[in-house]
Every structure is written in C-alpha cells, then in structure tokens.
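Each remark here refers to the structure printed beneath this line.
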Amino acid sequence: MYKFGYVAILGKPNAGKSTLINYLVGMKLAIVSQKPQTTRDNILGIYTSKNSQLVFIDTPGIHKATSHLDKFMMKNVRTAKAGADVVLYLLDSSVAPDPDEIEHIEKMKADGINLIVAGSKLDKKKVDFDCDVCFSALTGENIPLLIEKILKFIPSSKTKNFLYDADEVTDKPVKFIISEYIRESALKQLKKEIPHGIAVVVTKFEETSKIANIEAEIVCEKPNHKGIIIGKGGATLKAIGIESRANAEQLLGKKVMLSLFVKVEEGWKDKPNKLTGLGYN
Ligand SMILES: Nc1nc2c(ncn2[C@@H]2O[C@H](COP(=O)(O)OP(=O)(O)OP(=O)(O)O)[C@@H](O)[C@H]2O)c(=O)[nH]1
Ligand SMILES: [Mg+2]
C-alpha cells in the first residue's frame with residue numbers, strides 16, 4: 001500500500017515550523033530566524049520514503065493581521081489548512097502556550113479537523129502541556145514518531161499515487177529560495193522594525209555549469225532605512241551579501257557572483273499592486 005497526502009504545519013511565529021520542514025527535506029529550503037514572522041509564503045517541502053510521499057506546507061506564523069502583507073500571510077495559513085489531509089500544529093515547548101492558542105486548537109478539534117498537536121524544541125523543553133508528540137528538529141529526536149502519527153491520517157492507495165519525483169523537494173523556484181536567503185541574512189543583520197519591512201526580488205539570474213551571476217534588489221519601506229541597510233561604508237550590505245552568497249553556493253553547488261541593490265518603495269506593505277510586484281500574490 002502507498003500513501004500520498006498534504007500536511008499543513010501551523011503555529012505561532014517562532015514555533016519552529018520552517019526548521020522542521022528543513023530537517024524533513026534535508027536542506028535549507030525555508031529560512032529560519034529568531035525574529036517572529038520570518039516566513040511569509042507557503043512553501044512545500046516534499047518528503048518521500050519507499051511507500052509514502054508527504055507534502056508538508058510551511059506557513060507564516062499565526063498573528064493578528066494589520067498590514068496588507070499580514071493579510072496575505074494569514075490567507076496563506078487558511079489556504080494551507082483547507083487543503084491539508086492533516087494539520088500539524090506546533091507549540092514551542094520552551095514557552096507557555098497562550099490562551100488564544102489553546103482556544104484555536106480546541107476550535108479546530110471541535111470543527112473536526114484532522115489535527116496533531118506537537119511540542120517543538122524538545123531539546124529545550126521547559127513547559128508541559130497536552131500534546132500528541134514532542135520532537136526536536138535540531139536533534140531529530142522523535143521525528144520518526146511524528147511521521148508515524150501523521151501517516152495515520154493519510155489515505156492509502158494500492159497504486160503509487162505520488163505527485164512528485166523522489167528527488168523533488170519543493171515547488172519553489174531557485175530564484176525564490178535565493179531571494180529568501182538574502183532576506184534571512186537581512187533579518188539577522190538588521191534590528192527593530194527594519195527587517196520586517198524588507199522584501200527581496202532576484203532581478204537577474206544567469207548561470208553556466210560553473211558559475212551563477214545573480215542580481216537582487218532589497219526593497220525597504222522608508223528612505224532612512226536604505227542607509228541603515230547599506231551600513232557604514234557599505235558594511236551591513238556586504239555582510240548580508242557574504243552570508244547569502246555562501247548559502248546560494250551551497251544550494252546551487254557552484255560559484256555565485258551576487259550583486260545587491262537597495263531600493264525604497266514607501267509603504268509597499270500596504271499597497272496591493274506593490275505586493276504583487278514583489279511576489280506576494
Ligand atoms: N533548540 C531548538 N531551537 C529550535 C528548534 N526548532 C526551531 N528552533 C529555533 O527557533 C527559532 C524559530 O524557528 P523558525 O523555524 O524560524 O520558526 P517558524 O515557526 O518558522 O517562525 P515564523 O516563520 O516566524 O512563523 C529559530 O531561532 C530556530 O533556530 C528546535 O527543535 N530546537
Ligand atoms: Mg517560518
């Protein structure tokens with residue numbers, strides 16, 4: 001018997017959703033940071049074993065939507081939830097779940113949604129709460145048990161009904177992943193609200209068998225943010241470039257030439273046409 005199905009990973013910002021998907025596919029597919037609201041788009045991570053293929057959907061952390069970008073993010077969560085065979089809801093076991101969250105979980109149960117409540121970050125567990133399984137995406141502890149629990153919700157078929165080849169790990173193009181690497185480095189380098197007001201677009205991508213030549217724009221919300229992103233003598237932008245280039249080289253398995261440009265698009269997070277132009281559609 002074969003199994004194929006969709007698993008939506010939901011949870012608050014910082015719960016460890018993207019770290020889990022990266023662990024499952026064995027590569028840096030989704031960006032990860034200590035700052036909340038890192039993920040903006042749904043990203044598929046395809047996990048294939050001999051008899052089963054699970055398509056995990058990494059989603060943005062659930063938060064109160066204020067800007068148009070927030071609303072786009074929360075729409076992604078609803079879409080993922082609606083299309084999934086099972087929802088995997090992550091609760092960070094190093095912090096106490098808030099009452100809203102418990103209420104949300106109870107509502108999903110009452111609505112009859114196939115649900116697994118999992119405690120993430122088992123390696124730094126501090127809090128005990130009711131859940132189906134606890135795991136660590138850092139050490140891999142209990143991941144086989146988590147997969148076992150997920151498979152119970154996935155329908156069986158006599159024929160091999162996999163939608164993806166065994167070597168496919170995501171639906172996202174390389175250009176998207178590289179733009180996300182750049183945004184991740186910017187999240188690390190920048191403080192306060194600035195990283196949350198950044199979007200990254202790869203504007204040029206040319207490659208030969210040995211080298212990739214990439215240009216990307218870092219779009220920010222305010223003119224004074226541009227100088228901060230560039231930094232003193234260009235130091236901040238340089239640091240962003242060094243780290244994201246190294247990640248891109250690892251992804252592509254070849255040398256990468258990366259040029260970054262900073263552009264101001266005032267208030268882009270609240271302009272639907274700008275959001276579309278930046279890939280949030
Ligand atoms: N110790 C430990 N840290 C983890 C684990 N999983 C994630 N983290 C850390 O938790 C932070 C948030 O991880 P992410 O994977 O970006 O969380 P997320 O749920 O995708 O967050 P958003 O995209 O903002 O919704 C990062 O600093 C991770 O390194 C884990 O299993 N153990
Ligand atoms: Mg994430």
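Simple scheme: letters A, B, ... for chains in structure tokens order, numbers from 1 for residues in each chain, numbers from 1 for ligands in the order shown.
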Residues of stretch 112-179 of chain A classed as helix (DSSP H, G or I) by DSSP on the backbone are to be reported as an mmCIF file with C-alpha atoms, in the first residue's frame.
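Dumped to selection-v3.cif:
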```
data_model
loop_
_atom_site.group_PDB
_atom_site.id
_atom_site.type_symbol
_atom_site.label_atom_id
_atom_site.label_comp_id
_atom_site.auth_asym_id
_atom_site.auth_seq_id
_atom_site.Cartn_x
_atom_site.Cartn_y
_atom_site.Cartn_z
ATOM 1 C CA LEU A 122 12.078 19.115 22.813
ATOM 2 C CA ASP A 123 15.825 19.693 23.333
ATOM 3 C CA LYS A 124 14.973 22.818 25.362
ATOM 4 C CA ILE A 143 10.773 12.733 14.254
ATOM 5 C CA PRO A 144 10.105 9.075 13.236
ATOM 6 C CA LEU A 145 7.280 9.003 15.799
ATOM 7 C CA LEU A 146 5.891 12.252 14.398
ATOM 8 C CA ILE A 147 5.908 10.799 10.847
ATOM 9 C CA GLU A 148 4.173 7.666 12.141
ATOM 10 C CA LYS A 149 1.409 9.779 13.702
ATOM 11 C CA ILE A 150 0.992 11.842 10.530
ATOM 12 C CA LEU A 151 0.741 8.735 8.317
ATOM 13 C CA VAL A 174 15.665 28.513 -7.099
ATOM 14 C CA LYS A 175 15.262 32.289 -7.601
ATOM 15 C CA PHE A 176 12.682 32.376 -4.803
ATOM 16 C CA ILE A 177 14.883 30.380 -2.414
ATOM 17 C CA ILE A 178 17.850 32.675 -3.074
ATOM 18 C CA SER A 179 15.749 35.804 -2.512
#
```
Hey, could you make a per-residue contact list for chain A against ligand 2 with 8 Å as the cut-off, showing the nearest pair of atoms and its distance in Å to one decimal, counting only C-alpha atoms and all ligand atoms, sorted by chain and number, as JSON lines?
```
{"residue": "A:Pro13", "atom": "CA", "partner": "ligand 2", "partner_atom_place_in_ligand_line": "1 (Mg)", "distance": 7.0}
{"residue": "A:Asn14", "atom": "CA", "partner": "ligand 2", "partner_atom_place_in_ligand_line": "1 (Mg)", "distance": 6.8}
{"residue": "A:Gly16", "atom": "CA", "partner": "ligand 2", "partner_atom_place_in_ligand_line": "1 (Mg)", "distance": 6.7}
{"residue": "A:Lys17", "atom": "CA", "partner": "ligand 2", "partner_atom_place_in_ligand_line": "1 (Mg)", "distance": 5.4}
{"residue": "A:Ser18", "atom": "CA", "partner": "ligand 2", "partner_atom_place_in_ligand_line": "1 (Mg)", "distance": 4.2}
{"residue": "A:Thr19", "atom": "CA", "partner": "ligand 2", "partner_atom_place_in_ligand_line": "1 (Mg)", "distance": 7.2}
{"residue": "A:Ala30", "atom": "CA", "partner": "ligand 2", "partner_atom_place_in_ligand_line": "1 (Mg)", "distance": 6.8}
{"residue": "A:Ile31", "atom": "CA", "partner": "ligand 2", "partner_atom_place_in_ligand_line": "1 (Mg)", "distance": 6.5}
{"residue": "A:Val32", "atom": "CA", "partner": "ligand 2", "partner_atom_place_in_ligand_line": "1 (Mg)", "distance": 5.8}
{"residue": "A:Ser33", "atom": "CA", "partner": "ligand 2", "partner_atom_place_in_ligand_line": "1 (Mg)", "distance": 7.7}
{"residue": "A:Gln37", "atom": "CA", "partner": "ligand 2", "partner_atom_place_in_ligand_line": "1 (Mg)", "distance": 6.9}
{"residue": "A:Thr38", "atom": "CA", "partner": "ligand 2", "partner_atom_place_in_ligand_line": "1 (Mg)", "distance": 5.2}
{"residue": "A:Thr39", "atom": "CA", "partner": "ligand 2", "partner_atom_place_in_ligand_line": "1 (Mg)", "distance": 4.0}
{"residue": "A:Arg40", "atom": "CA", "partner": "ligand 2", "partner_atom_place_in_ligand_line": "1 (Mg)", "distance": 7.6}
{"residue": "A:Asp58", "atom": "CA", "partner": "ligand 2", "partner_atom_place_in_ligand_line": "1 (Mg)", "distance": 6.8}
{"residue": "A:Thr59", "atom": "CA", "partner": "ligand 2", "partner_atom_place_in_ligand_line": "1 (Mg)", "distance": 6.6}
{"residue": "A:Pro60", "atom": "CA", "partner": "ligand 2", "partner_atom_place_in_ligand_line": "1 (Mg)", "distance": 5.9}
{"residue": "A:Gly61", "atom": "CA", "partner": "ligand 2", "partner_atom_place_in_ligand_line": "1 (Mg)", "distance": 6.7}
```
Output file for the residues above (N, CA, C and O atoms, as a compact mmCIF listing (two decimals), in the first residue's frame):
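This went into selection_12.txt:
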```
# COMPACT_ATOMS: atom_id res chain seq x y z
N PRO A 13 4.30 32.51 15.30
CA PRO A 13 5.64 32.83 14.84
C PRO A 13 6.69 32.25 15.80
O PRO A 13 6.45 32.22 17.01
N ASN A 14 7.78 31.73 15.23
CA ASN A 14 8.89 31.22 16.05
C ASN A 14 8.68 29.82 16.61
O ASN A 14 9.53 29.34 17.38
N GLY A 16 8.93 27.05 15.19
CA GLY A 16 9.88 26.08 14.65
C GLY A 16 9.36 25.35 13.41
O GLY A 16 9.88 24.29 13.04
N LYS A 17 8.38 25.94 12.72
CA LYS A 17 7.78 25.31 11.54
C LYS A 17 8.80 25.14 10.41
O LYS A 17 8.93 24.07 9.82
N SER A 18 9.51 26.21 10.10
CA SER A 18 10.45 26.17 8.98
C SER A 18 11.64 25.26 9.30
O SER A 18 12.14 24.55 8.43
N THR A 19 12.06 25.27 10.56
CA THR A 19 13.18 24.41 10.95
C THR A 19 12.79 22.95 10.76
O THR A 19 13.60 22.13 10.30
N ALA A 30 13.53 26.53 3.66
CA ALA A 30 12.81 27.66 4.24
C ALA A 30 13.77 28.41 5.16
O ALA A 30 14.56 27.79 5.86
N ILE A 31 13.65 29.73 5.16
CA ILE A 31 14.56 30.49 6.02
C ILE A 31 14.07 30.47 7.47
O ILE A 31 12.89 30.33 7.74
N VAL A 32 15.05 30.60 8.36
CA VAL A 32 14.78 30.46 9.80
C VAL A 32 15.41 31.65 10.51
O VAL A 32 16.52 32.07 10.15
N SER A 33 14.72 32.22 11.48
CA SER A 33 15.38 33.24 12.29
C SER A 33 14.75 33.30 13.68
O SER A 33 13.68 32.74 13.90
N GLN A 37 7.65 36.06 12.59
CA GLN A 37 7.13 36.39 11.26
C GLN A 37 8.21 36.36 10.18
O GLN A 37 8.30 37.23 9.33
N THR A 38 9.02 35.32 10.25
CA THR A 38 10.07 35.14 9.24
C THR A 38 9.46 34.66 7.93
O THR A 38 9.72 35.22 6.87
N THR A 39 8.63 33.61 8.01
CA THR A 39 8.03 33.04 6.79
C THR A 39 6.84 33.89 6.34
O THR A 39 6.01 34.27 7.17
N ARG A 40 6.78 34.17 5.04
CA ARG A 40 5.64 34.94 4.50
C ARG A 40 4.81 34.12 3.51
O ARG A 40 3.61 34.27 3.44
N ASP A 58 4.85 24.62 4.78
CA ASP A 58 5.32 25.58 5.80
C ASP A 58 4.49 26.85 5.63
O ASP A 58 4.31 27.32 4.50
N THR A 59 3.99 27.38 6.71
CA THR A 59 3.10 28.55 6.63
C THR A 59 3.65 29.69 7.49
O THR A 59 4.46 29.46 8.39
N PRO A 60 3.18 30.92 7.23
CA PRO A 60 3.58 32.02 8.12
C PRO A 60 3.01 31.81 9.52
O PRO A 60 1.93 31.21 9.67
N GLY A 61 3.70 32.29 10.53
CA GLY A 61 3.21 32.18 11.90
C GLY A 61 1.89 32.93 12.09
O GLY A 61 1.73 34.03 11.56
```
- Please provide as an MDAnalysis selection string all residues within 8 Å of A:Glu215, with the sequence filter that same-chain residues fewer than 5 positions apart are discarded (counting only C-alpha atoms). chainID A and resid 202:205 258:261
- Task: Report as number ranges by chain: the residues of stretch 175-239 of chain A with a DSSP assignment of strand (DSSP E or B), based on the backbone of this structure.
- Result: A: 199-207, 211-220
Now that the selection is made, can you save its residues with C-alpha atoms as a compact mmCIF listing (two decimals), in the first residue's frame?
```
# COMPACT_ATOMS: atom_id res chain seq x y z
CA ALA A 199 11.23 42.38 0.51
CA VAL A 200 13.81 40.83 -1.81
CA VAL A 201 13.49 40.24 -5.54
CA VAL A 202 16.04 38.47 -7.71
CA THR A 203 16.20 40.66 -10.83
CA LYS A 204 18.86 38.75 -12.78
CA PHE A 205 19.78 35.08 -12.73
CA GLU A 206 22.23 33.76 -15.30
CA GLU A 207 24.18 30.57 -14.89
CA ILE A 211 29.06 29.94 -12.10
CA ALA A 212 25.82 31.80 -11.40
CA ASN A 213 25.56 35.54 -11.83
CA ILE A 214 22.77 36.90 -9.65
CA GLU A 215 21.45 40.40 -9.03
CA ALA A 216 18.83 41.17 -6.40
CA GLU A 217 17.01 44.18 -5.02
CA ILE A 218 16.39 44.66 -1.35
CA VAL A 219 13.24 46.76 -1.13
CA CYS A 220 12.65 48.76 2.05
```
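The list of residues with at least one atom within 8 Å of A:Lys12, based on only C-alpha atoms and without residues fewer than 4 positions apart in the same chain, reads A:Gly61, A:Ile62, A:His63, A:Leu90, A:Leu91.
Among the candidate residues A:Leu187, A:Leu163, A:Ala84, A:Leu138, the one lying nearest to ligand 1 is A:Leu138, with distances computed using only C-alpha atoms and all ligand atoms.
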- Query: Pick from A:His104, A:Lys126, A:Lys226, A:Lys109: nearest to ligand 1, with only C-alpha atoms and all ligand atoms counted?
  - Reply: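 Closest residue, counting only C-alpha atoms and all ligand atoms: A:Lys126.
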- Message: as a PyMOL selection string, please: the residues near A:Val117 (cut-off 8 Å, only C-alpha atoms, same-chain neighbours under 3 positions excluded).
- Response: chain A and resi 88-91+131-133
Please produce a file of the residues just selected, as a compact mmCIF listing (two decimals), in the first residue's frame, where the atoms kept are C-alpha atoms.
```txt
# COMPACT_ATOMS: atom_id res chain seq x y z
CA LEU A 88 0.29 19.66 12.37
CA TYR A 89 0.03 22.40 14.99
CA LEU A 90 3.32 23.26 16.67
CA LEU A 91 3.56 24.55 20.22
CA CYS A 131 0.11 17.25 23.12
CA ASP A 132 0.31 14.19 20.87
CA VAL A 133 4.08 14.14 20.46
```
- For atom CA of A:Gly253 and atom CA of A:Leu24, the interatomic separation in Å (one decimal):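 Going from atom CA of A:Gly253 over to atom CA of A:Leu24 covers 20.4 Å.
Nearest-residue note for A:Pro223: choosing from A:Lys81, A:Lys263, A:Lys191, A:Lys107, the minimum distance belongs to A:Lys263, counting only C-alpha atoms.
Using only C-alpha atoms and all ligand atoms for every distance, the candidate list A:Asn42, A:Ser136, A:Thr66, A:Ser52 yields A:Ser136 as the residue closest to ligand 1.
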- Message: Ranking A:Ile105, A:Ile9, A:Leu278, A:Val264 by minimum distance to A:Asn224 and counting only C-alpha atoms, which one comes first?
- Response: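 The answer is A:Val264, which sits nearest to A:Asn224.
You can rank A:Leu69, A:Val77, A:Ala246, A:Met257 by their closest distance to A:Thr276 using only C-alpha atoms, and at the top of that list sits A:Leu69.
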- Message: Would you compute the distance between atom CA of A:Gln250 and atom CA of A:Ile198? Give it in Å to one decimal.
- Response: 23.7 Å
- Item | Distance in Å - atom CA of A:Ile228 versus atom CA of A:Pro36 |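 Atom CA of A:Pro36 lies at a distance of 20.6 Å from atom CA of A:Ile228.
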